[in-house]
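This is final.cif. It holds mmCIF, C-alpha atoms.
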```cif
data_coords
#
loop_
_atom_site.label_atom_id
_atom_site.label_comp_id
_atom_site.auth_asym_id
_atom_site.auth_seq_id
_atom_site.Cartn_x
_atom_site.Cartn_y
_atom_site.Cartn_z
CA MET A 1 -17.52 3.60 17.71
CA ALA A 2 -14.53 1.45 16.74
CA ARG A 3 -14.58 -0.73 13.62
CA PHE A 4 -11.80 -3.02 12.43
CA VAL A 5 -10.56 -4.25 9.06
CA GLU A 6 -7.92 -6.95 8.96
CA LEU A 7 -6.40 -6.58 5.50
CA ARG A 8 -4.21 -9.50 4.39
CA ARG A 9 -2.24 -10.38 1.28
CA HIS A 10 -3.12 -13.69 -0.37
CA THR A 11 -0.77 -16.62 0.16
CA ASP A 12 1.51 -18.27 -2.42
CA ASN A 13 0.01 -18.56 -5.88
CA ASP A 14 0.67 -19.74 -9.41
CA GLY A 15 -1.20 -17.35 -11.67
CA ASP A 16 -4.61 -16.76 -10.12
CA VAL A 17 -4.72 -20.03 -8.16
CA LEU A 18 -3.12 -20.81 -4.81
CA THR A 19 -0.36 -23.37 -4.89
CA PRO A 20 -0.62 -26.39 -2.55
CA ASP A 21 1.84 -24.55 -0.28
CA GLY A 22 -0.36 -21.46 -0.49
CA VAL A 23 -3.43 -23.44 0.57
CA ALA A 24 -1.49 -25.01 3.46
CA ALA A 25 -0.16 -21.60 4.56
CA ALA A 26 -3.65 -20.06 4.47
CA LEU A 27 -5.04 -22.92 6.55
CA ARG A 28 -2.24 -22.55 9.14
CA LEU A 29 -2.74 -18.79 9.25
CA GLY A 30 -6.52 -19.11 9.54
CA ALA A 31 -6.25 -21.40 12.55
CA GLY A 32 -4.49 -18.60 14.45
CA LEU A 33 -6.62 -15.60 13.47
CA ALA A 34 -8.39 -13.48 16.08
CA GLY A 35 -11.80 -14.25 14.57
CA GLY A 36 -15.10 -12.61 15.32
CA TYR A 37 -15.50 -11.40 11.72
CA ARG A 38 -18.79 -9.96 10.51
CA VAL A 39 -17.81 -10.43 6.87
CA GLY A 40 -15.04 -11.82 4.69
CA VAL A 41 -14.08 -9.73 1.68
CA SER A 42 -12.20 -10.61 -1.50
CA THR A 43 -11.04 -8.41 -4.36
CA GLY A 44 -12.68 -10.89 -6.71
CA ALA A 45 -9.41 -12.44 -7.87
CA GLN A 46 -9.54 -16.21 -7.45
CA ARG A 47 -6.34 -16.27 -5.37
CA ALA A 48 -7.83 -13.74 -2.92
CA THR A 49 -11.19 -15.51 -2.71
CA GLN A 50 -9.46 -18.87 -2.25
CA THR A 51 -7.29 -17.42 0.53
CA VAL A 52 -10.21 -15.88 2.42
CA GLY A 53 -12.08 -19.19 2.09
CA CYS A 54 -9.16 -21.17 3.51
CA LEU A 55 -8.62 -18.66 6.32
CA LEU A 56 -12.24 -18.80 7.40
CA ALA A 57 -12.50 -22.58 6.98
CA ALA A 58 -9.53 -23.09 9.30
CA LEU A 59 -10.87 -20.53 11.77
CA GLY A 60 -14.10 -22.53 12.07
CA GLN A 61 -16.32 -19.66 13.23
CA PRO A 62 -19.54 -18.35 11.73
CA VAL A 63 -19.21 -15.25 9.56
CA PRO A 64 -22.74 -13.74 9.57
CA ASP A 65 -22.45 -11.81 6.29
CA GLY A 66 -20.46 -14.53 4.49
CA VAL A 67 -17.81 -13.71 1.88
CA VAL A 68 -18.41 -10.83 -0.52
CA VAL A 69 -16.45 -9.19 -3.32
CA GLU A 70 -15.40 -5.54 -3.15
CA ALA A 71 -14.08 -5.17 -6.69
CA GLY A 72 -12.84 -1.66 -5.92
CA LEU A 73 -10.02 -3.21 -3.88
CA ARG A 74 -8.53 -4.62 -7.10
CA SER A 75 -6.92 -2.18 -9.48
CA GLU A 76 -7.96 -2.26 -13.11
CA ARG A 77 -4.43 -1.08 -13.93
CA GLU A 78 -2.33 -4.04 -12.73
CA ASP A 79 0.02 -3.75 -15.72
CA ARG A 80 0.79 -0.13 -14.78
CA TRP A 81 1.44 -1.18 -11.17
CA ARG A 82 3.98 -3.73 -12.41
CA ALA A 83 5.65 -1.11 -14.62
CA VAL A 84 5.86 1.41 -11.76
CA ALA A 85 7.28 -1.30 -9.46
CA LYS A 86 9.95 -2.02 -12.06
CA GLU A 87 10.75 1.72 -12.35
CA ALA A 88 10.95 1.92 -8.54
CA ASP A 89 13.14 -1.19 -8.29
CA GLY A 90 10.59 -3.13 -6.23
CA GLY A 91 7.19 -3.04 -4.60
CA ASP A 92 7.88 -0.47 -1.89
CA LEU A 93 4.97 1.98 -2.13
CA GLY A 94 7.11 4.95 -1.03
CA ARG A 95 9.51 4.38 -3.93
CA MET A 96 6.61 3.79 -6.29
CA LEU A 97 5.07 7.06 -5.15
CA ALA A 98 8.33 8.83 -5.99
CA ALA A 99 8.46 7.13 -9.42
CA ASP A 100 4.90 8.07 -10.46
CA PRO A 101 3.15 10.24 -7.87
CA ALA A 102 0.09 11.01 -10.01
CA PHE A 103 -0.63 7.35 -10.72
CA VAL A 104 -0.10 6.18 -7.13
CA ASP A 105 -2.14 9.06 -5.69
CA GLN A 106 -5.04 8.36 -8.07
CA GLU A 107 -4.99 4.63 -7.40
CA ALA A 108 -4.62 5.11 -3.62
CA ALA A 109 -7.67 7.38 -3.58
CA ALA A 110 -9.81 4.82 -5.41
CA LEU A 111 -8.52 1.85 -3.39
CA GLY A 112 -8.90 3.80 -0.14
CA ALA A 113 -12.51 4.61 -1.01
CA ALA A 114 -13.16 0.88 -1.51
CA LEU A 115 -11.58 0.10 1.87
CA GLY A 116 -13.81 2.79 3.35
CA ARG A 117 -16.86 1.01 1.89
CA VAL A 118 -15.82 -2.13 3.76
CA LEU A 119 -15.66 -0.16 7.00
CA GLU A 120 -19.10 1.33 6.31
CA ARG A 121 -20.56 -2.21 6.32
CA LEU A 122 -19.53 -2.62 9.96
CA GLY A 123 -21.20 -1.61 13.18
CA ASP A 124 -19.55 -0.69 16.45
CA GLY A 125 -16.97 -3.28 17.49
CA GLU A 126 -17.33 -5.33 14.30
CA ARG A 127 -14.50 -6.77 12.22
CA ALA A 128 -13.98 -7.60 8.56
CA LEU A 129 -11.36 -9.91 7.09
CA VAL A 130 -10.19 -8.65 3.69
CA VAL A 131 -7.80 -10.49 1.38
CA GLY A 132 -6.12 -8.62 -1.45
CA HIS A 133 -2.82 -7.98 -3.14
CA SER A 134 0.41 -6.03 -2.80
CA PRO A 135 1.04 -3.13 -3.41
CA THR A 136 -2.67 -2.33 -3.75
CA ASN A 137 -3.41 -3.28 -0.12
CA GLU A 138 -0.75 -0.81 0.96
CA ALA A 139 -2.16 1.81 -1.45
CA ALA A 140 -5.67 1.31 -0.01
CA VAL A 141 -4.32 1.98 3.49
CA LEU A 142 -2.54 5.10 2.22
CA GLY A 143 -5.67 6.32 0.46
CA LEU A 144 -7.90 5.79 3.50
CA THR A 145 -5.61 6.73 6.39
CA GLY A 146 -2.78 8.74 4.86
CA GLU A 147 -0.27 6.25 6.33
CA LEU A 148 2.47 4.72 4.22
CA VAL A 149 3.09 1.09 5.21
CA ALA A 150 5.84 -1.35 4.29
CA PRO A 151 5.30 -3.97 1.57
CA LEU A 152 3.35 -7.01 2.77
CA ASP A 153 4.73 -10.51 2.52
CA LYS A 154 2.29 -13.19 1.41
CA GLY A 155 -0.12 -13.92 4.24
CA ALA A 156 0.92 -10.83 6.23
CA GLY A 157 -1.54 -8.09 6.98
CA ILE A 158 -2.51 -4.77 8.39
CA LEU A 159 -5.14 -4.06 11.02
CA VAL A 160 -6.94 -0.78 10.35
CA THR A 161 -8.95 0.51 13.28
CA GLU A 162 -11.40 3.34 12.67
CA ASP A 163 -12.74 5.12 15.73
CA GLY A 164 -14.77 8.28 15.33
CA GLY A 165 -13.10 9.18 12.04
CA SER A 166 -9.55 8.59 13.30
CA TYR A 167 -7.44 5.68 12.10
CA ARG A 168 -4.81 3.48 13.69
CA VAL A 169 -2.73 1.11 11.56
CA GLU A 170 -0.88 -1.95 12.89
CA THR A 171 1.19 -4.52 11.00
CA LEU A 172 0.17 -8.19 11.34
CA GLU A 173 2.64 -10.99 10.60
CA PRO A 174 1.65 -14.13 8.73
#
```
Take the structure in this file and express it as structure tokens.
Amino acid sequence: MARFVELRRHTDNDGDVLTPDGVAAALRLGAGLAGGYRVGVSTGAQRATQTVGCLLAALGQPVPDGVVVEAGLRSEREDRWRAVAKEADGGDLGRMLAADPAFVDQEAAALGAALGRVLERLGDGERALVVGHSPTNEAAVLGLTGELVAPLDKGAGILVTEDGGSYRVETLEP
């Protein structure tokens, strides 16, 4: 039973709102998505919800379960993430893990559990489109699959395939 989560980073923003360029980028990206999504998922941040809305609007396909919020995909410790990124000289999760392993491990476990809840919503062959943030998207993948992935550019993504309890992770370009 294979299930799929397409996990993308929001597009260009100013604070918690997409910029006009961010809206345009999300619309362009959405027009080229694979589609067939059962559900769209946001972290609850406006920039993530706005991105998933633009992606799905441009795709122009029905999404039977609509757009929902999985708040567990957004860390409550964003300030600590920024501090660890500064300590690690950037947003590479591997370097952040070396800078503060206890913090990253704890956050990855919680974020991975939330990503697992998204997968649990899906039946065999179904897909979800999730829009979140970096480095927490990468931490969610680490927490769920044990795989360390490179930092995501805005609009880029990761396809997580779960099949019988095994995971495959693929990078998706914007």
Close residues, A:Asp14 itself excluded, 10 Å, all atoms listed in the file, min 6 positions apart in chain, as a PDB file with C-alpha atoms, in the frame of the given file:
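Saved to result37.pdb:
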```pdb
ATOM      1  CA  PRO A  20      -0.620 -26.390  -2.550  1.00  0.00           C
ATOM      2  CA  GLY A  22      -0.360 -21.460  -0.490  1.00  0.00           C
ATOM      3  CA  ARG A  47      -6.340 -16.270  -5.370  1.00  0.00           C
TER       4      ARG A  47
END
```
Evaluate the PyMOL selection byres ((chain A and resi 74-80) around 12) here and jot the selected residues down as a compact mmCIF listing (two decimals) with C-alpha atoms, in the coordinates of the input.
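out_27.txt was written with the following content:
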```txt
# COMPACT_ATOMS: atom_id res chain seq x y z
CA ARG A 9 -2.24 -10.38 1.28
CA VAL A 41 -14.08 -9.73 1.68
CA SER A 42 -12.20 -10.61 -1.50
CA THR A 43 -11.04 -8.41 -4.36
CA GLY A 44 -12.68 -10.89 -6.71
CA ALA A 45 -9.41 -12.44 -7.87
CA GLN A 46 -9.54 -16.21 -7.45
CA ARG A 47 -6.34 -16.27 -5.37
CA ALA A 48 -7.83 -13.74 -2.92
CA VAL A 69 -16.45 -9.19 -3.32
CA GLU A 70 -15.40 -5.54 -3.15
CA ALA A 71 -14.08 -5.17 -6.69
CA GLY A 72 -12.84 -1.66 -5.92
CA LEU A 73 -10.02 -3.21 -3.88
CA TRP A 81 1.44 -1.18 -11.17
CA ARG A 82 3.98 -3.73 -12.41
CA ALA A 83 5.65 -1.11 -14.62
CA VAL A 84 5.86 1.41 -11.76
CA ALA A 85 7.28 -1.30 -9.46
CA LYS A 86 9.95 -2.02 -12.06
CA GLU A 87 10.75 1.72 -12.35
CA MET A 96 6.61 3.79 -6.29
CA ALA A 99 8.46 7.13 -9.42
CA ASP A 100 4.90 8.07 -10.46
CA PHE A 103 -0.63 7.35 -10.72
CA VAL A 104 -0.10 6.18 -7.13
CA GLN A 106 -5.04 8.36 -8.07
CA GLU A 107 -4.99 4.63 -7.40
CA ALA A 108 -4.62 5.11 -3.62
CA ALA A 109 -7.67 7.38 -3.58
CA ALA A 110 -9.81 4.82 -5.41
CA LEU A 111 -8.52 1.85 -3.39
CA GLY A 112 -8.90 3.80 -0.14
CA ALA A 113 -12.51 4.61 -1.01
CA ALA A 114 -13.16 0.88 -1.51
CA LEU A 115 -11.58 0.10 1.87
CA VAL A 130 -10.19 -8.65 3.69
CA VAL A 131 -7.80 -10.49 1.38
CA GLY A 132 -6.12 -8.62 -1.45
CA HIS A 133 -2.82 -7.98 -3.14
CA SER A 134 0.41 -6.03 -2.80
CA PRO A 135 1.04 -3.13 -3.41
CA THR A 136 -2.67 -2.33 -3.75
CA ASN A 137 -3.41 -3.28 -0.12
CA GLU A 138 -0.75 -0.81 0.96
CA ALA A 139 -2.16 1.81 -1.45
CA ALA A 140 -5.67 1.31 -0.01
```
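Residues surrounding A:Asp21 within 10 Å are Thr11, Asp12, Asn13, Ala25, Ala26 and Leu27 of chain A [all atoms listed in the file; sequence separation below 4 positions excluded].
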Between atom CA of A:Tyr37 and atom CA of A:Glu170 - distance in Å to one decimal: 17.4 Å
Chain and number of each residue from the PyMOL selection byres ((chain A and resi 164) around 7), as a VMD selection string: chain A and resid 1 to 2 162 to 163 165 to 166
Residues returned when the PyMOL selection byres ((chain A and resi 173) around 9) runs on this file, as a list in words: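 When the PyMOL selection byres ((chain A and resi 173) around 9) is applied to the shown file, the picked residues are Leu152, Asp153, Gly155, Ala156, Gly157, Ile158, Thr171, Leu172 and Pro174 of chain A.
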Distance in Å - atom CA of A:Leu97 versus atom CA of A:Phe4: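 Result for atom CA of A:Leu97 versus atom CA of A:Phe4: 26.4 Å, one decimal.
Rounded to one decimal, atom CA of A:Gln50 and atom CA of A:Gly66 lie 13.6 Å from each other.
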Take every atom of stretch 134-142 of chain A listed in the file, pad by 5 Å on each side, and give me the axis-aligned box centre and edge lengths in Å, one decimal, as JSON.
```
{"center_x": -2.3, "center_y": -0.5, "center_z": -0.1, "size_x": 16.7, "size_y": 21.1, "size_z": 17.2}
```
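Excluding A:Gly35 itself and same-chain residues fewer than 2 positions from it, the residues having an atom within 12 Å of it are Phe4, Val5, Glu6, Leu29, Gly30, Ala31, Gly32, Leu33, Tyr37, Arg38, Val39, Gly40, Leu55, Leu56, Ala57, Ala58, Leu59, Gly60, Gln61, Pro62, Val63, Glu126, Arg127, Ala128 and Leu129 of chain A, counting all atoms listed in the file.
Among A:Cys54, A:Ala34, A:Leu122, A:Leu93, the residue with the shortest atom-to-atom distance to A:Val141, counting all atoms listed in the file, is A:Leu93.
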Using the atoms already present, construct N, CA and C atoms for stretch 68-99 of chain A and hand them back as an mmCIF file, in the frame of the given file.
```
data_model
loop_
_atom_site.group_PDB
_atom_site.id
_atom_site.type_symbol
_atom_site.label_atom_id
_atom_site.label_comp_id
_atom_site.auth_asym_id
_atom_site.auth_seq_id
_atom_site.Cartn_x
_atom_site.Cartn_y
_atom_site.Cartn_z
ATOM 1 N N VAL A 68 -17.946 -11.698 0.560
ATOM 2 C CA VAL A 68 -18.410 -10.830 -0.520
ATOM 3 C C VAL A 68 -17.204 -10.332 -1.315
ATOM 4 N N VAL A 69 -17.494 -9.786 -2.475
ATOM 5 C CA VAL A 69 -16.450 -9.190 -3.320
ATOM 6 C C VAL A 69 -16.590 -7.682 -3.277
ATOM 7 N N GLU A 70 -15.490 -7.003 -3.001
ATOM 8 C CA GLU A 70 -15.400 -5.540 -3.150
ATOM 9 C C GLU A 70 -14.399 -5.324 -4.275
ATOM 10 N N ALA A 71 -14.926 -5.261 -5.500
ATOM 11 C CA ALA A 71 -14.080 -5.170 -6.690
ATOM 12 C C ALA A 71 -13.210 -3.912 -6.702
ATOM 13 N N GLY A 72 -13.611 -2.885 -5.978
ATOM 14 C CA GLY A 72 -12.840 -1.660 -5.920
ATOM 15 C C GLY A 72 -11.503 -1.817 -5.215
ATOM 16 N N LEU A 73 -11.299 -2.941 -4.533
ATOM 17 C CA LEU A 73 -10.020 -3.210 -3.880
ATOM 18 C C LEU A 73 -9.013 -3.862 -4.833
ATOM 19 N N ARG A 74 -9.429 -4.066 -6.085
ATOM 20 C CA ARG A 74 -8.530 -4.620 -7.100
ATOM 21 C C ARG A 74 -8.392 -3.591 -8.213
ATOM 22 N N SER A 75 -7.179 -3.178 -8.453
ATOM 23 C CA SER A 75 -6.920 -2.180 -9.480
ATOM 24 C C SER A 75 -7.209 -2.738 -10.866
ATOM 25 N N GLU A 76 -7.763 -1.902 -11.704
ATOM 26 C CA GLU A 76 -7.960 -2.260 -13.110
ATOM 27 C C GLU A 76 -6.700 -1.956 -13.920
ATOM 28 N N ARG A 77 -5.670 -1.475 -13.253
ATOM 29 C CA ARG A 77 -4.430 -1.080 -13.930
ATOM 30 C C ARG A 77 -3.236 -1.868 -13.400
ATOM 31 N N GLU A 78 -3.393 -3.188 -13.279
ATOM 32 C CA GLU A 78 -2.330 -4.040 -12.730
ATOM 33 C C GLU A 78 -1.048 -3.963 -13.560
ATOM 34 N N ASP A 79 -1.181 -3.852 -14.876
ATOM 35 C CA ASP A 79 0.020 -3.750 -15.720
ATOM 36 C C ASP A 79 0.802 -2.479 -15.382
ATOM 37 N N ARG A 80 0.091 -1.374 -15.131
ATOM 38 C CA ARG A 80 0.790 -0.130 -14.780
ATOM 39 C C ARG A 80 1.456 -0.267 -13.413
ATOM 40 N N TRP A 81 0.819 -0.948 -12.468
ATOM 41 C CA TRP A 81 1.440 -1.180 -11.170
ATOM 42 C C TRP A 81 2.762 -1.932 -11.333
ATOM 43 N N ARG A 82 2.748 -2.962 -12.189
ATOM 44 C CA ARG A 82 3.980 -3.730 -12.410
ATOM 45 C C ARG A 82 5.062 -2.848 -13.035
ATOM 46 N N ALA A 83 4.677 -1.994 -13.976
ATOM 47 C CA ALA A 83 5.650 -1.110 -14.620
ATOM 48 C C ALA A 83 6.228 -0.106 -13.625
ATOM 49 N N VAL A 84 5.386 0.449 -12.772
ATOM 50 C CA VAL A 84 5.860 1.410 -11.760
ATOM 51 C C VAL A 84 6.765 0.700 -10.758
ATOM 52 N N ALA A 85 6.421 -0.530 -10.379
ATOM 53 C CA ALA A 85 7.280 -1.300 -9.460
ATOM 54 C C ALA A 85 8.648 -1.527 -10.086
ATOM 55 N N LYS A 86 8.667 -1.814 -11.375
ATOM 56 C CA LYS A 86 9.950 -2.020 -12.060
ATOM 57 C C LYS A 86 10.753 -0.715 -12.080
ATOM 58 N N GLU A 87 10.087 0.405 -12.366
ATOM 59 C CA GLU A 87 10.750 1.720 -12.350
ATOM 60 C C GLU A 87 11.300 2.038 -10.961
ATOM 61 N N ALA A 88 10.572 1.616 -9.929
ATOM 62 C CA ALA A 88 10.950 1.920 -8.540
ATOM 63 C C ALA A 88 11.866 0.871 -7.940
ATOM 64 N N ASP A 89 12.258 -0.121 -8.738
ATOM 65 C CA ASP A 89 13.140 -1.190 -8.290
ATOM 66 C C ASP A 89 12.534 -1.973 -7.131
ATOM 67 N N GLY A 90 11.242 -2.303 -7.244
ATOM 68 C CA GLY A 90 10.590 -3.130 -6.230
ATOM 69 C C GLY A 90 9.218 -2.617 -5.872
ATOM 70 N N GLY A 91 8.570 -3.329 -4.956
ATOM 71 C CA GLY A 91 7.190 -3.040 -4.600
ATOM 72 C C GLY A 91 6.986 -2.127 -3.421
ATOM 73 N N ASP A 92 8.024 -1.408 -2.991
ATOM 74 C CA ASP A 92 7.880 -0.470 -1.890
ATOM 75 C C ASP A 92 7.030 0.716 -2.360
ATOM 76 N N LEU A 93 5.900 0.952 -1.689
ATOM 77 C CA LEU A 93 4.970 1.980 -2.130
ATOM 78 C C LEU A 93 5.585 3.382 -2.078
ATOM 79 N N GLY A 94 6.448 3.645 -1.112
ATOM 80 C CA GLY A 94 7.110 4.950 -1.030
ATOM 81 C C GLY A 94 7.953 5.219 -2.268
ATOM 82 N N ARG A 95 8.716 4.216 -2.717
ATOM 83 C CA ARG A 95 9.510 4.380 -3.930
ATOM 84 C C ARG A 95 8.622 4.470 -5.171
ATOM 85 N N MET A 96 7.540 3.728 -5.167
ATOM 86 C CA MET A 96 6.610 3.790 -6.290
ATOM 87 C C MET A 96 5.948 5.163 -6.358
ATOM 88 N N LEU A 97 5.652 5.726 -5.217
ATOM 89 C CA LEU A 97 5.070 7.060 -5.150
ATOM 90 C C LEU A 97 6.037 8.085 -5.718
ATOM 91 N N ALA A 98 7.316 7.921 -5.438
ATOM 92 C CA ALA A 98 8.330 8.830 -5.990
ATOM 93 C C ALA A 98 8.466 8.654 -7.497
ATOM 94 N N ALA A 99 8.307 7.414 -7.986
ATOM 95 C CA ALA A 99 8.460 7.130 -9.420
ATOM 96 C C ALA A 99 7.300 7.674 -10.239
#
```
